[in-house]
>>> print(open('run.cif').read())   # mmCIF, C-alpha atoms and all ligand atoms
data_protein
loop_
_atom_site.group_PDB
_atom_site.id
_atom_site.type_symbol
_atom_site.label_atom_id
_atom_site.label_comp_id
_atom_site.auth_asym_id
_atom_site.auth_seq_id
_atom_site.Cartn_x
_atom_site.Cartn_y
_atom_site.Cartn_z
ATOM 1 C CA MET U 1 0.000 0.000 0.000
ATOM 2 C CA PHE U 2 1.456 3.358 -1.072
ATOM 3 C CA TYR U 3 1.987 6.065 1.532
ATOM 4 C CA GLU U 4 3.856 9.264 2.331
ATOM 5 C CA VAL U 5 5.755 9.852 5.544
ATOM 6 C CA VAL U 6 6.087 12.964 7.683
ATOM 7 C CA ILE U 7 9.328 12.886 9.654
ATOM 8 C CA PRO U 8 9.590 15.377 12.541
ATOM 9 C CA ALA U 9 13.279 16.346 12.709
ATOM 10 C CA ALA U 10 13.134 19.818 14.243
ATOM 11 C CA GLY U 11 13.896 18.992 17.859
ATOM 12 C CA GLN U 12 16.746 20.393 19.947
ATOM 13 C CA GLY U 13 17.913 17.145 21.531
ATOM 14 C CA LYS U 14 17.934 18.672 25.019
ATOM 15 C CA ARG U 15 17.988 15.301 26.823
ATOM 16 C CA MET U 16 20.941 14.170 24.683
ATOM 17 C CA LYS U 17 22.957 17.169 25.877
ATOM 18 C CA ALA U 18 24.944 17.137 22.641
ATOM 19 C CA GLY U 19 24.666 20.894 22.112
ATOM 20 C CA LYS U 20 23.143 20.255 18.677
ATOM 21 C CA ASN U 21 20.278 18.456 16.984
ATOM 22 C CA LYS U 22 20.895 14.847 18.043
ATOM 23 C CA LEU U 23 19.841 13.666 14.553
ATOM 24 C CA PHE U 24 23.178 14.991 13.258
ATOM 25 C CA ILE U 25 25.176 12.697 15.576
ATOM 26 C CA GLU U 26 26.957 10.055 13.472
ATOM 27 C CA LEU U 27 26.759 6.302 13.984
ATOM 28 C CA SER U 28 29.662 4.591 12.215
ATOM 29 C CA GLY U 29 30.247 7.789 10.229
ATOM 30 C CA THR U 30 26.647 8.375 9.049
ATOM 31 C CA PRO U 31 24.185 10.820 10.677
ATOM 32 C CA ILE U 32 21.283 9.230 12.580
ATOM 33 C CA ILE U 33 18.723 11.004 10.395
ATOM 34 C CA VAL U 34 20.220 9.425 7.257
ATOM 35 C CA TYR U 35 19.587 5.904 8.581
ATOM 36 C CA THR U 36 15.976 6.883 9.217
ATOM 37 C CA LEU U 37 15.507 8.485 5.794
ATOM 38 C CA ARG U 38 17.127 5.549 3.972
ATOM 39 C CA VAL U 39 14.433 3.149 5.261
ATOM 40 C CA PHE U 40 11.801 5.143 3.389
ATOM 41 C CA GLU U 41 14.041 6.001 0.426
ATOM 42 C CA GLU U 42 14.471 2.255 -0.147
ATOM 43 C CA ASP U 43 10.807 1.310 0.413
ATOM 44 C CA PRO U 44 9.061 1.002 -2.997
ATOM 45 C CA ASN U 45 5.712 1.788 -1.305
ATOM 46 C CA CYS U 46 6.924 5.177 -0.038
ATOM 47 C CA ARG U 47 5.754 7.892 -2.433
ATOM 48 C CA GLY U 48 7.408 10.808 -0.642
ATOM 49 C CA ILE U 49 9.096 12.116 2.495
ATOM 50 C CA ILE U 50 8.129 15.405 4.162
ATOM 51 C CA LEU U 51 10.739 16.596 6.655
ATOM 52 C CA SER U 52 9.879 19.066 9.427
ATOM 53 C CA ILE U 53 13.064 20.948 10.269
ATOM 54 C CA ASN U 54 14.436 23.892 12.190
ATOM 55 C CA PRO U 55 14.858 26.585 9.493
ATOM 56 C CA ALA U 56 18.259 27.429 10.993
ATOM 57 C CA GLU U 57 19.373 23.935 9.931
ATOM 58 C CA GLU U 58 18.029 24.101 6.382
ATOM 59 C CA ASP U 59 21.447 24.331 4.739
ATOM 60 C CA TYR U 60 22.580 21.221 6.631
ATOM 61 C CA PHE U 61 19.535 19.254 5.479
ATOM 62 C CA ILE U 62 19.876 20.401 1.860
ATOM 63 C CA GLN U 63 23.550 19.385 1.845
ATOM 64 C CA MET U 64 22.750 16.036 3.518
ATOM 65 C CA ILE U 65 19.983 15.221 1.032
ATOM 66 C CA ALA U 66 22.394 15.831 -1.829
ATOM 67 C CA THR U 67 25.294 13.956 -0.228
ATOM 68 C CA TYR U 68 23.212 10.818 0.410
ATOM 69 C CA ASP U 69 21.132 11.133 -2.793
ATOM 70 C CA LEU U 70 17.792 11.087 -0.972
ATOM 71 C CA LYS U 71 15.467 11.562 -3.936
ATOM 72 C CA LYS U 72 12.186 10.963 -2.101
ATOM 73 C CA VAL U 73 12.451 14.017 0.186
ATOM 74 C CA LYS U 74 9.767 16.127 -1.489
ATOM 75 C CA LYS U 75 9.421 18.967 1.007
ATOM 76 C CA LEU U 76 11.254 20.624 3.877
ATOM 77 C CA VAL U 77 8.741 22.356 6.171
ATOM 78 C CA THR U 78 9.276 24.541 9.201
ATOM 79 C CA GLY U 79 8.914 22.619 12.465
ATOM 80 C CA GLY U 80 7.216 23.997 15.551
ATOM 81 C CA THR U 81 8.239 24.462 19.160
ATOM 82 C CA GLU U 82 6.421 21.203 19.921
ATOM 83 C CA ARG U 83 6.675 17.881 18.056
ATOM 84 C CA GLN U 84 2.914 17.954 17.403
ATOM 85 C CA GLN U 85 3.206 21.279 15.567
ATOM 86 C CA SER U 86 6.099 19.956 13.498
ATOM 87 C CA VAL U 87 3.945 17.025 12.421
ATOM 88 C CA TYR U 88 0.918 19.226 11.718
ATOM 89 C CA ASN U 89 2.978 21.572 9.531
ATOM 90 C CA GLY U 90 4.143 18.570 7.523
ATOM 91 C CA LEU U 91 0.613 17.162 7.187
ATOM 92 C CA LYS U 92 -0.402 20.162 5.092
ATOM 93 C CA HIS U 93 1.812 18.906 2.240
ATOM 94 C CA VAL U 94 0.610 15.308 2.105
ATOM 95 C CA GLY U 95 -1.033 13.991 -1.064
ATOM 96 C CA GLU U 96 -1.492 10.266 -0.356
ATOM 97 C CA GLU U 97 -4.503 8.775 1.463
ATOM 98 C CA ILE U 98 -2.275 6.860 3.896
ATOM 99 C CA ILE U 99 0.248 8.805 5.948
ATOM 100 C CA LEU U 100 2.978 7.625 8.275
ATOM 101 C CA VAL U 101 4.425 9.781 11.034
ATOM 102 C CA HIS U 102 7.873 8.627 12.099
ATOM 103 C CA ASP U 103 10.395 10.170 14.480
ATOM 104 C CA GLY U 104 13.680 11.124 12.863
ATOM 105 C CA ALA U 105 15.224 9.807 16.092
ATOM 106 C CA ARG U 106 14.126 6.210 15.383
ATOM 107 C CA PRO U 107 16.553 4.890 12.722
ATOM 108 C CA PHE U 108 15.918 1.140 13.192
ATOM 109 C CA ILE U 109 12.426 0.542 11.839
ATOM 110 C CA ASP U 110 12.034 -2.250 9.253
ATOM 111 C CA GLN U 111 9.946 -2.241 6.091
ATOM 112 C CA VAL U 112 7.946 -5.373 7.006
ATOM 113 C CA GLN U 113 6.420 -3.521 9.948
ATOM 114 C CA ILE U 114 5.710 -0.472 7.783
ATOM 115 C CA SER U 115 3.702 -2.634 5.399
ATOM 116 C CA GLU U 116 1.672 -4.145 8.260
ATOM 117 C CA LEU U 117 1.039 -0.646 9.635
ATOM 118 C CA THR U 118 -0.213 0.894 6.394
ATOM 119 C CA SER U 119 -2.591 -2.015 5.717
ATOM 120 C CA SER U 120 -3.952 -1.771 9.247
ATOM 121 C CA ALA U 121 -4.365 2.009 9.063
ATOM 122 C CA SER U 122 -6.288 1.680 5.821
ATOM 123 C CA LEU U 123 -8.680 -0.750 7.505
ATOM 124 C CA HIS U 124 -9.025 0.828 10.958
ATOM 125 C CA GLY U 125 -8.073 4.504 10.545
ATOM 126 C CA GLY U 126 -5.031 4.480 12.809
ATOM 127 C CA ALA U 127 -2.291 1.985 13.700
ATOM 128 C CA VAL U 128 0.805 2.174 15.869
ATOM 129 C CA ILE U 129 3.883 0.044 16.408
ATOM 130 C CA ALA U 130 4.287 -0.955 20.053
ATOM 131 C CA VAL U 131 6.016 -3.472 22.296
ATOM 132 C CA PRO U 132 4.854 -4.985 25.593
ATOM 133 C CA VAL U 133 6.144 -3.110 28.626
ATOM 134 C CA LYS U 134 8.921 -5.025 30.411
ATOM 135 C CA ASP U 135 9.212 -2.956 33.599
ATOM 136 C CA THR U 136 6.678 -2.448 36.353
ATOM 137 C CA ILE U 137 5.052 0.993 35.914
ATOM 138 C CA LYS U 138 3.876 3.008 38.918
ATOM 139 C CA LYS U 139 2.036 6.304 39.172
ATOM 140 C CA ALA U 140 3.482 8.715 41.721
ATOM 141 C CA ALA U 141 3.161 12.282 42.965
ATOM 142 C CA ASP U 142 6.279 13.970 44.339
ATOM 143 C CA LYS U 143 7.945 10.516 44.122
ATOM 144 C CA LYS U 144 5.347 9.087 46.522
ATOM 145 C CA VAL U 145 3.822 5.976 44.884
ATOM 146 C CA LEU U 146 0.088 6.242 44.257
ATOM 147 C CA GLU U 147 -0.524 2.981 42.410
ATOM 148 C CA THR U 148 1.062 0.213 40.374
ATOM 149 C CA VAL U 149 -0.414 0.060 36.886
ATOM 150 C CA GLU U 150 -1.478 -3.457 35.885
ATOM 151 C CA ARG U 151 1.240 -4.426 33.359
ATOM 152 C CA SER U 152 -0.535 -7.012 31.167
ATOM 153 C CA SER U 153 -2.485 -4.300 29.312
ATOM 154 C CA LEU U 154 0.435 -1.865 28.908
ATOM 155 C CA TRP U 155 2.254 -1.244 25.631
ATOM 156 C CA ALA U 156 5.257 0.971 24.966
ATOM 157 C CA VAL U 157 4.182 2.805 21.817
ATOM 158 C CA GLN U 158 6.745 3.791 19.195
ATOM 159 C CA THR U 159 6.621 5.247 15.711
ATOM 160 C CA PRO U 160 5.887 4.820 12.813
ATOM 161 C CA GLN U 161 2.254 5.565 13.393
ATOM 162 C CA ALA U 162 0.006 5.217 10.354
ATOM 163 C CA PHE U 163 -3.286 6.909 9.576
ATOM 164 C CA ARG U 164 -5.883 7.639 6.970
ATOM 165 C CA VAL U 165 -4.859 11.238 6.312
ATOM 166 C CA SER U 166 -8.396 12.671 6.572
ATOM 167 C CA ILE U 167 -8.752 11.330 10.113
ATOM 168 C CA LEU U 168 -5.309 12.526 11.230
ATOM 169 C CA LYS U 169 -5.940 16.018 9.868
ATOM 170 C CA ARG U 170 -9.268 16.209 11.712
ATOM 171 C CA ALA U 171 -7.606 15.014 14.906
ATOM 172 C CA HIS U 172 -4.863 17.651 14.677
ATOM 173 C CA GLU U 173 -7.392 20.385 13.886
ATOM 174 C CA GLN U 174 -9.457 19.445 16.962
ATOM 175 C CA ALA U 175 -6.358 19.311 19.184
ATOM 176 C CA GLU U 176 -5.298 22.756 17.951
ATOM 177 C CA LEU U 177 -8.806 24.116 18.600
ATOM 178 C CA GLU U 178 -8.621 22.825 22.164
ATOM 179 C CA SER U 179 -4.921 23.721 22.674
ATOM 180 C CA PHE U 180 -4.267 20.051 23.481
ATOM 181 C CA LEU U 181 -0.703 18.766 23.217
ATOM 182 C CA GLY U 182 -0.230 15.003 23.003
ATOM 183 C CA THR U 183 3.025 13.088 23.115
ATOM 184 C CA ASP U 184 2.067 11.086 20.048
ATOM 185 C CA ASP U 185 -0.304 11.490 17.099
ATOM 186 C CA ALA U 186 -2.449 8.460 17.919
ATOM 187 C CA SER U 187 -3.536 10.137 21.171
ATOM 188 C CA LEU U 188 -5.184 12.826 19.054
ATOM 189 C CA LEU U 189 -7.352 10.208 17.336
ATOM 190 C CA GLU U 190 -8.294 8.697 20.695
ATOM 191 C CA ARG U 191 -9.610 12.114 21.774
ATOM 192 C CA ILE U 192 -12.020 12.186 18.827
ATOM 193 C CA ASN U 193 -13.047 8.562 19.389
ATOM 194 C CA GLU U 194 -11.319 7.232 16.309
ATOM 195 C CA GLN U 195 -9.941 3.690 16.386
ATOM 196 C CA VAL U 196 -6.227 3.004 16.847
ATOM 197 C CA VAL U 197 -4.879 -0.553 16.685
ATOM 198 C CA ILE U 198 -1.512 -1.946 17.767
ATOM 199 C CA ILE U 199 0.953 -3.778 15.560
ATOM 200 C CA GLU U 200 3.526 -5.553 17.726
ATOM 201 C CA GLY U 201 7.004 -4.343 16.875
ATOM 202 C CA ASN U 202 10.412 -5.068 18.354
ATOM 203 C CA TYR U 203 12.694 -3.631 20.992
ATOM 204 C CA ASP U 204 15.358 -2.579 18.450
ATOM 205 C CA ASN U 205 13.143 0.324 17.319
ATOM 206 C CA ILE U 206 14.498 2.656 19.978
ATOM 207 C CA LYS U 207 14.095 6.417 20.018
ATOM 208 C CA ILE U 208 17.585 7.869 20.422
ATOM 209 C CA THR U 209 16.970 10.284 23.279
ATOM 210 C CA THR U 210 19.781 10.223 25.880
ATOM 211 C CA GLN U 211 23.513 9.456 25.771
ATOM 212 C CA GLU U 212 22.920 5.809 26.798
ATOM 213 C CA ASP U 213 20.845 5.276 23.670
ATOM 214 C CA LEU U 214 23.937 5.869 21.544
ATOM 215 C CA TYR U 215 25.548 2.722 22.963
ATOM 216 C CA PHE U 216 22.396 0.721 22.254
ATOM 217 C CA ALA U 217 22.246 2.214 18.748
ATOM 218 C CA GLU U 218 25.836 1.182 17.929
ATOM 219 C CA ALA U 219 25.039 -2.366 19.120
ATOM 220 C CA ILE U 220 21.816 -2.552 17.068
ATOM 221 C CA LEU U 221 23.638 -1.241 13.995
ATOM 222 C CA HIS U 222 26.362 -3.862 14.482
ATOM 223 C CA LYS U 223 23.717 -6.584 14.774
ATOM 224 C CA GLN U 224 21.975 -5.395 11.576
ATOM 225 C CA GLN U 225 25.274 -5.409 9.663
ATOM 226 C CA LEU U 226 26.142 -9.001 10.677
HETATM 227 N N1 LIG U 301 9.505 20.647 18.347
HETATM 228 C C1 LIG U 301 9.900 19.420 17.937
HETATM 229 C C2 LIG U 301 10.328 18.435 18.867
HETATM 230 C C3 LIG U 301 10.743 17.191 18.398
HETATM 231 N N2 LIG U 301 10.736 16.969 17.051
HETATM 232 C C4 LIG U 301 11.183 15.670 16.530
HETATM 233 O O1 LIG U 301 10.366 14.652 17.062
HETATM 234 C C5 LIG U 301 11.149 13.450 17.247
HETATM 235 C C6 LIG U 301 10.945 12.909 18.659
HETATM 236 O O2 LIG U 301 11.228 13.948 19.561
HETATM 237 P P1 LIG U 301 12.357 13.839 20.735
HETATM 238 O O3 LIG U 301 12.969 12.484 20.745
HETATM 239 O O4 LIG U 301 11.768 14.386 21.973
HETATM 240 O O5 LIG U 301 13.466 14.848 20.170
HETATM 241 P P2 LIG U 301 13.892 16.245 20.820
HETATM 242 O O6 LIG U 301 12.688 17.086 21.032
HETATM 243 O O7 LIG U 301 14.985 16.780 19.937
HETATM 244 O O8 LIG U 301 14.517 15.776 22.210
HETATM 245 P P3 LIG U 301 14.424 16.597 23.609
HETATM 246 O O9 LIG U 301 12.989 16.456 24.050
HETATM 247 O O10 LIG U 301 15.393 15.837 24.459
HETATM 248 O O11 LIG U 301 14.834 18.005 23.298
HETATM 249 C C7 LIG U 301 12.600 13.809 16.959
HETATM 250 O O12 LIG U 301 12.975 13.265 15.701
HETATM 251 C C8 LIG U 301 12.600 15.335 16.956
HETATM 252 O O13 LIG U 301 13.555 15.859 16.033
HETATM 253 C C9 LIG U 301 10.303 17.940 16.141
HETATM 254 O O14 LIG U 301 10.306 17.713 14.926
HETATM 255 N N3 LIG U 301 9.883 19.148 16.599
HETATM 256 C C1 LIG U 302 5.932 9.632 19.480
HETATM 257 C C2 LIG U 302 6.751 8.827 20.455
HETATM 258 O O1 LIG U 302 7.988 8.452 19.843
HETATM 259 C C3 LIG U 302 6.003 7.586 20.844
HETATM 260 O O2 LIG U 302 6.719 6.880 21.825
HETATM 261 C C4 LIG U 302 7.093 9.636 21.720
HETATM 262 O O3 LIG U 302 5.908 9.963 22.416
HETATM 263 C C5 LIG U 302 7.833 10.922 21.378
HETATM 264 O O4 LIG U 302 8.133 11.569 22.609
HETATM 265 P P1 LIG U 302 9.168 12.791 22.586
HETATM 266 O O5 LIG U 302 9.310 13.251 23.996
HETATM 267 O O6 LIG U 302 8.565 13.821 21.661
HETATM 268 O O7 LIG U 302 10.430 12.214 22.049
#
>>> encode(input="run.cif", output="structure tokens")
Amino acid sequence: MFYEVVIPAAGQGKRMKAGKNKLFIELSGTPIIVYTLRVFEEDPNCRGIILSINPAEEDYFIQMIATYDLKKVKKLVTGGTERQQSVYNGLKHVGEEIILVHDGARPFIDQVQISELTSSASLHGGAVIAVPVKDTIKKAADKKVLETVERSSLWAVQTPQAFRVSILKRAHEQAELESFLGTDDASLLERINEQVVIIEGNYDNIKITTQEDLYFAEAILHKQQL
């Protein structure tokens, strides 16, 4: 099933403490964002990539796209101060009926899962990649435990997240109307009572967020190159 992908890449990487956009950090000599983009560049079902970026980094992205011959990047759009705004700005340039939203900071997604996601989104409206939670999760206030959340129904949700574009646009419009900020796009569909289903993914699909994740990323890359 054909799709387009919006890739939010306009973050500041504050938790990484790298003093720059963490997507520019290199793994084995190649920037993180290039690994992410290559997955979609090499997927025959991907009709186009829309990148939400910090305008101050536009020259870097233009140079990178040329250096790595990333032909499917069809639009660079201005990101927002929040991830949700970066995604919404990208949505306005989508032409396909099925849209994926995928963090630039998740370079290890595989095409098999993308195919499952797009088929599921076409059927249900929204679909997310997720993995069962491995830790015990507790709710707390001021570090005083309030309750332990029953683990068997918990999923750690990742990206890509796939949607019928009409539903995602309506969900973003409603969230903007209500000044609601969600930490993922699927939560915006939940608020307007639209269905979201889970496709079980794998634990390699990490979001590179803090320094420790760089060690994990090097190990995952080594495993993939075996
Ligand atoms: N205003 C924002 C914030 C985040 N992102 C993107 O959304 C993805 C997931 O966000 P996150 O991992 O939180 O990245 P940062 O916001 O850069 O990290 P931090 O919160 O540590 O600053 C990343 O690819 C990031 O570039 C974005 O496009 N626009
Ligand atoms: C969208 C996401 O990757 C799903 O796990 C996550 O919510 C992004 O959070 P961030 O704080 O914007 O990185």
>>> residues_around(input="run.cif", residues="U:Met16", least_positions_apart="6", cutoff="6 Å", atoms="only C-alpha atoms", output="JSON, numbers by chain")
{"U": [209, 210, 211]}
>>> resolve_selection(input="run.cif", expression="the PyMOL selection byres (((not hetatm)) within 8 of (chain U and resi 301))", output="JSON, numbers by chain")
{"U": [7, 8, 9, 10, 11, 12, 13, 14, 15, 16, 17, 21, 22, 23, 52, 53, 54, 79, 80, 81, 82, 83, 84, 85, 86, 87, 102, 103, 104, 105, 106, 207, 208, 209, 210]}
>>> write_last_selection(input="run.cif", atoms="C-alpha atoms", output="compact mmCIF listing (two decimals), in the frame of the given file")
# COMPACT_ATOMS: atom_id res chain seq x y z
CA ILE U 7 9.33 12.89 9.65
CA PRO U 8 9.59 15.38 12.54
CA ALA U 9 13.28 16.35 12.71
CA ALA U 10 13.13 19.82 14.24
CA GLY U 11 13.90 18.99 17.86
CA GLN U 12 16.75 20.39 19.95
CA GLY U 13 17.91 17.14 21.53
CA LYS U 14 17.93 18.67 25.02
CA ARG U 15 17.99 15.30 26.82
CA MET U 16 20.94 14.17 24.68
CA LYS U 17 22.96 17.17 25.88
CA ASN U 21 20.28 18.46 16.98
CA LYS U 22 20.90 14.85 18.04
CA LEU U 23 19.84 13.67 14.55
CA SER U 52 9.88 19.07 9.43
CA ILE U 53 13.06 20.95 10.27
CA ASN U 54 14.44 23.89 12.19
CA GLY U 79 8.91 22.62 12.46
CA GLY U 80 7.22 24.00 15.55
CA THR U 81 8.24 24.46 19.16
CA GLU U 82 6.42 21.20 19.92
CA ARG U 83 6.68 17.88 18.06
CA GLN U 84 2.91 17.95 17.40
CA GLN U 85 3.21 21.28 15.57
CA SER U 86 6.10 19.96 13.50
CA VAL U 87 3.94 17.02 12.42
CA HIS U 102 7.87 8.63 12.10
CA ASP U 103 10.40 10.17 14.48
CA GLY U 104 13.68 11.12 12.86
CA ALA U 105 15.22 9.81 16.09
CA ARG U 106 14.13 6.21 15.38
CA LYS U 207 14.10 6.42 20.02
CA ILE U 208 17.58 7.87 20.42
CA THR U 209 16.97 10.28 23.28
CA THR U 210 19.78 10.22 25.88
>>> resolve_selection(input="run.cif", expression="the PyMOL selection byres (((not hetatm)) within 6 of (chain U and resi 302))", output="VMD selection string")
chain U and resid 83 157 to 159 183 to 184
>>> closest_atom_pairs(input="run.cif", of="stretch 22-139 of chain U", to="stretch 195-202 of chain U", cutoff="12 Å", atoms="all atoms listed in the file", output="tab-separated table")
residue	atom	partner	partner_atom	distance
U:Phe108	CA	U:Asn202	CA	9.8
U:Ile109	CA	U:Asn202	CA	8.8
U:Asp110	CA	U:Gly201	CA	9.4
U:Gln111	CA	U:Gly201	CA	11.4
U:Val112	CA	U:Gly201	CA	10.0
U:Gln113	CA	U:Gly201	CA	7.0
U:Ile114	CA	U:Ile199	CA	9.7
U:Ser115	CA	U:Ile199	CA	10.6
U:Glu116	CA	U:Ile199	CA	7.3
U:Leu117	CA	U:Ile199	CA	6.7
U:Thr118	CA	U:Ile199	CA	10.4
U:Ser119	CA	U:Ile199	CA	10.6
U:Ser120	CA	U:Val197	CA	7.6
U:Ala121	CA	U:Val197	CA	8.1
U:Ser122	CA	U:Val196	CA	11.1
U:Leu123	CA	U:Val197	CA	9.9
U:His124	CA	U:Gln195	CA	6.2
U:Gly125	CA	U:Gln195	CA	6.2
U:Gly126	CA	U:Val196	CA	4.5
U:Ala127	CA	U:Val197	CA	4.7
U:Val128	CA	U:Ile198	CA	5.1
U:Ile129	CA	U:Ile199	CA	4.9
U:Ala130	CA	U:Glu200	CA	5.2
U:Val131	CA	U:Gly201	CA	5.6
U:Pro132	CA	U:Glu200	CA	8.0
U:Val133	CA	U:Asn202	CA	11.3
>>> atom_distance(input="run.cif", atom1="atom CA of U:Val145", atom2="atom CA of U:Glu212")
26.3 Å
>>> residues_around(input="run.cif", residues="stretch 216-223 of chain U", least_positions_apart="3", cutoff="9 Å", atoms="only C-alpha atoms", output="PDB file with C-alpha atoms, in the coordinates of the input")
ATOM      1  CA  LEU U  27      26.759   6.302  13.984  1.00  0.00           C
ATOM      2  CA  SER U  28      29.662   4.591  12.215  1.00  0.00           C
ATOM      3  CA  PRO U 107      16.553   4.890  12.722  1.00  0.00           C
ATOM      4  CA  PHE U 108      15.918   1.140  13.192  1.00  0.00           C
ATOM      5  CA  ASP U 204      15.358  -2.579  18.450  1.00  0.00           C
ATOM      6  CA  ILE U 206      14.498   2.656  19.978  1.00  0.00           C
ATOM      7  CA  ILE U 208      17.585   7.869  20.422  1.00  0.00           C
ATOM      8  CA  GLU U 212      22.920   5.809  26.798  1.00  0.00           C
ATOM      9  CA  ASP U 213      20.845   5.276  23.670  1.00  0.00           C
ATOM     10  CA  LEU U 226      26.142  -9.001  10.677  1.00  0.00           C
TER      11      LEU U 226
END
>>> resolve_selection(input="run.cif", expression="the PyMOL selection byres (((chain U and resi 59-72) around 7) and not hetatm)", output="PyMOL selection string")
chain U and resi 41+48-49+57-58+73-74
>>> atom_distance(input="run.cif", atom1="atom CA of U:Ile99", atom2="atom CA of U:Val165")
5.7 Å
>>> closest_residue(input="run.cif", among="U:Leu146, U:Ile33, U:Leu168, U:Ile25", to="U:Tyr88", atoms="all atoms listed in the file")
U:Leu168
>>> decode(input="run.cif", residues="stretch 117-136 of chain U", atoms="N, CA and C atoms", output="PDB file, in the first residue's frame")
ATOM      1  N   LEU U 117       1.654  -1.872   9.085  1.00  0.00           N
ATOM      2  CA  LEU U 117       1.039  -0.646   9.635  1.00  0.00           C
ATOM      3  C   LEU U 117       0.103   0.016   8.623  1.00  0.00           C
ATOM      4  N   THR U 118       0.591   0.166   7.387  1.00  0.00           N
ATOM      5  CA  THR U 118      -0.213   0.894   6.394  1.00  0.00           C
ATOM      6  C   THR U 118      -1.483   0.115   6.053  1.00  0.00           C
ATOM      7  N   SER U 119      -1.388  -1.202   5.980  1.00  0.00           N
ATOM      8  CA  SER U 119      -2.591  -2.015   5.717  1.00  0.00           C
ATOM      9  C   SER U 119      -3.597  -1.868   6.852  1.00  0.00           C
ATOM     10  N   SER U 120      -3.083  -1.874   8.076  1.00  0.00           N
ATOM     11  CA  SER U 120      -3.952  -1.771   9.247  1.00  0.00           C
ATOM     12  C   SER U 120      -4.590  -0.384   9.340  1.00  0.00           C
ATOM     13  N   ALA U 121      -3.822   0.641   9.001  1.00  0.00           N
ATOM     14  CA  ALA U 121      -4.365   2.009   9.063  1.00  0.00           C
ATOM     15  C   ALA U 121      -5.458   2.196   8.021  1.00  0.00           C
ATOM     16  N   SER U 122      -5.279   1.565   6.880  1.00  0.00           N
ATOM     17  CA  SER U 122      -6.288   1.680   5.821  1.00  0.00           C
ATOM     18  C   SER U 122      -7.613   1.071   6.272  1.00  0.00           C
ATOM     19  N   LEU U 123      -7.492  -0.016   7.037  1.00  0.00           N
ATOM     20  CA  LEU U 123      -8.680  -0.750   7.505  1.00  0.00           C
ATOM     21  C   LEU U 123      -9.325  -0.062   8.715  1.00  0.00           C
ATOM     22  N   HIS U 124      -8.495   0.363   9.660  1.00  0.00           N
ATOM     23  CA  HIS U 124      -9.025   0.828  10.958  1.00  0.00           C
ATOM     24  C   HIS U 124      -9.017   2.351  11.132  1.00  0.00           C
ATOM     25  N   GLY U 125      -8.173   3.042  10.373  1.00  0.00           N
ATOM     26  CA  GLY U 125      -8.073   4.504  10.545  1.00  0.00           C
ATOM     27  C   GLY U 125      -6.759   4.934  11.151  1.00  0.00           C
ATOM     28  N   GLY U 126      -6.312   4.152  12.187  1.00  0.00           N
ATOM     29  CA  GLY U 126      -5.031   4.480  12.809  1.00  0.00           C
ATOM     30  C   GLY U 126      -4.369   3.218  13.322  1.00  0.00           C
ATOM     31  N   ALA U 127      -3.036   3.161  13.215  1.00  0.00           N
ATOM     32  CA  ALA U 127      -2.291   1.985  13.700  1.00  0.00           C
ATOM     33  C   ALA U 127      -0.926   2.434  14.197  1.00  0.00           C
ATOM     34  N   VAL U 128      -0.494   1.808  15.287  1.00  0.00           N
ATOM     35  CA  VAL U 128       0.805   2.174  15.869  1.00  0.00           C
ATOM     36  C   VAL U 128       1.633   0.925  16.097  1.00  0.00           C
ATOM     37  N   ILE U 129       2.933   1.109  16.049  1.00  0.00           N
ATOM     38  CA  ILE U 129       3.883   0.044  16.408  1.00  0.00           C
ATOM     39  C   ILE U 129       4.090   0.143  17.918  1.00  0.00           C
ATOM     40  N   ALA U 130       4.080  -0.975  18.602  1.00  0.00           N
ATOM     41  CA  ALA U 130       4.287  -0.955  20.053  1.00  0.00           C
ATOM     42  C   ALA U 130       4.873  -2.288  20.493  1.00  0.00           C
ATOM     43  N   VAL U 131       5.461  -2.247  21.694  1.00  0.00           N
ATOM     44  CA  VAL U 131       6.016  -3.472  22.296  1.00  0.00           C
ATOM     45  C   VAL U 131       5.491  -3.589  23.724  1.00  0.00           C
ATOM     46  N   PRO U 132       5.328  -4.818  24.204  1.00  0.00           N
ATOM     47  CA  PRO U 132       4.854  -4.985  25.593  1.00  0.00           C
ATOM     48  C   PRO U 132       5.842  -4.348  26.569  1.00  0.00           C
ATOM     49  N   VAL U 133       5.306  -3.731  27.582  1.00  0.00           N
ATOM     50  CA  VAL U 133       6.144  -3.110  28.626  1.00  0.00           C
ATOM     51  C   VAL U 133       6.854  -4.213  29.408  1.00  0.00           C
ATOM     52  N   LYS U 134       8.143  -4.011  29.684  1.00  0.00           N
ATOM     53  CA  LYS U 134       8.921  -5.025  30.411  1.00  0.00           C
ATOM     54  C   LYS U 134       9.080  -4.666  31.888  1.00  0.00           C
ATOM     55  N   ASP U 135       9.024  -3.379  32.199  1.00  0.00           N
ATOM     56  CA  ASP U 135       9.212  -2.956  33.599  1.00  0.00           C
ATOM     57  C   ASP U 135       7.869  -2.844  34.309  1.00  0.00           C
ATOM     58  N   THR U 136       7.883  -2.794  35.583  1.00  0.00           N
ATOM     59  CA  THR U 136       6.678  -2.448  36.353  1.00  0.00           C
ATOM     60  C   THR U 136       6.536  -0.936  36.327  1.00  0.00           C
TER      61      THR U 136
END
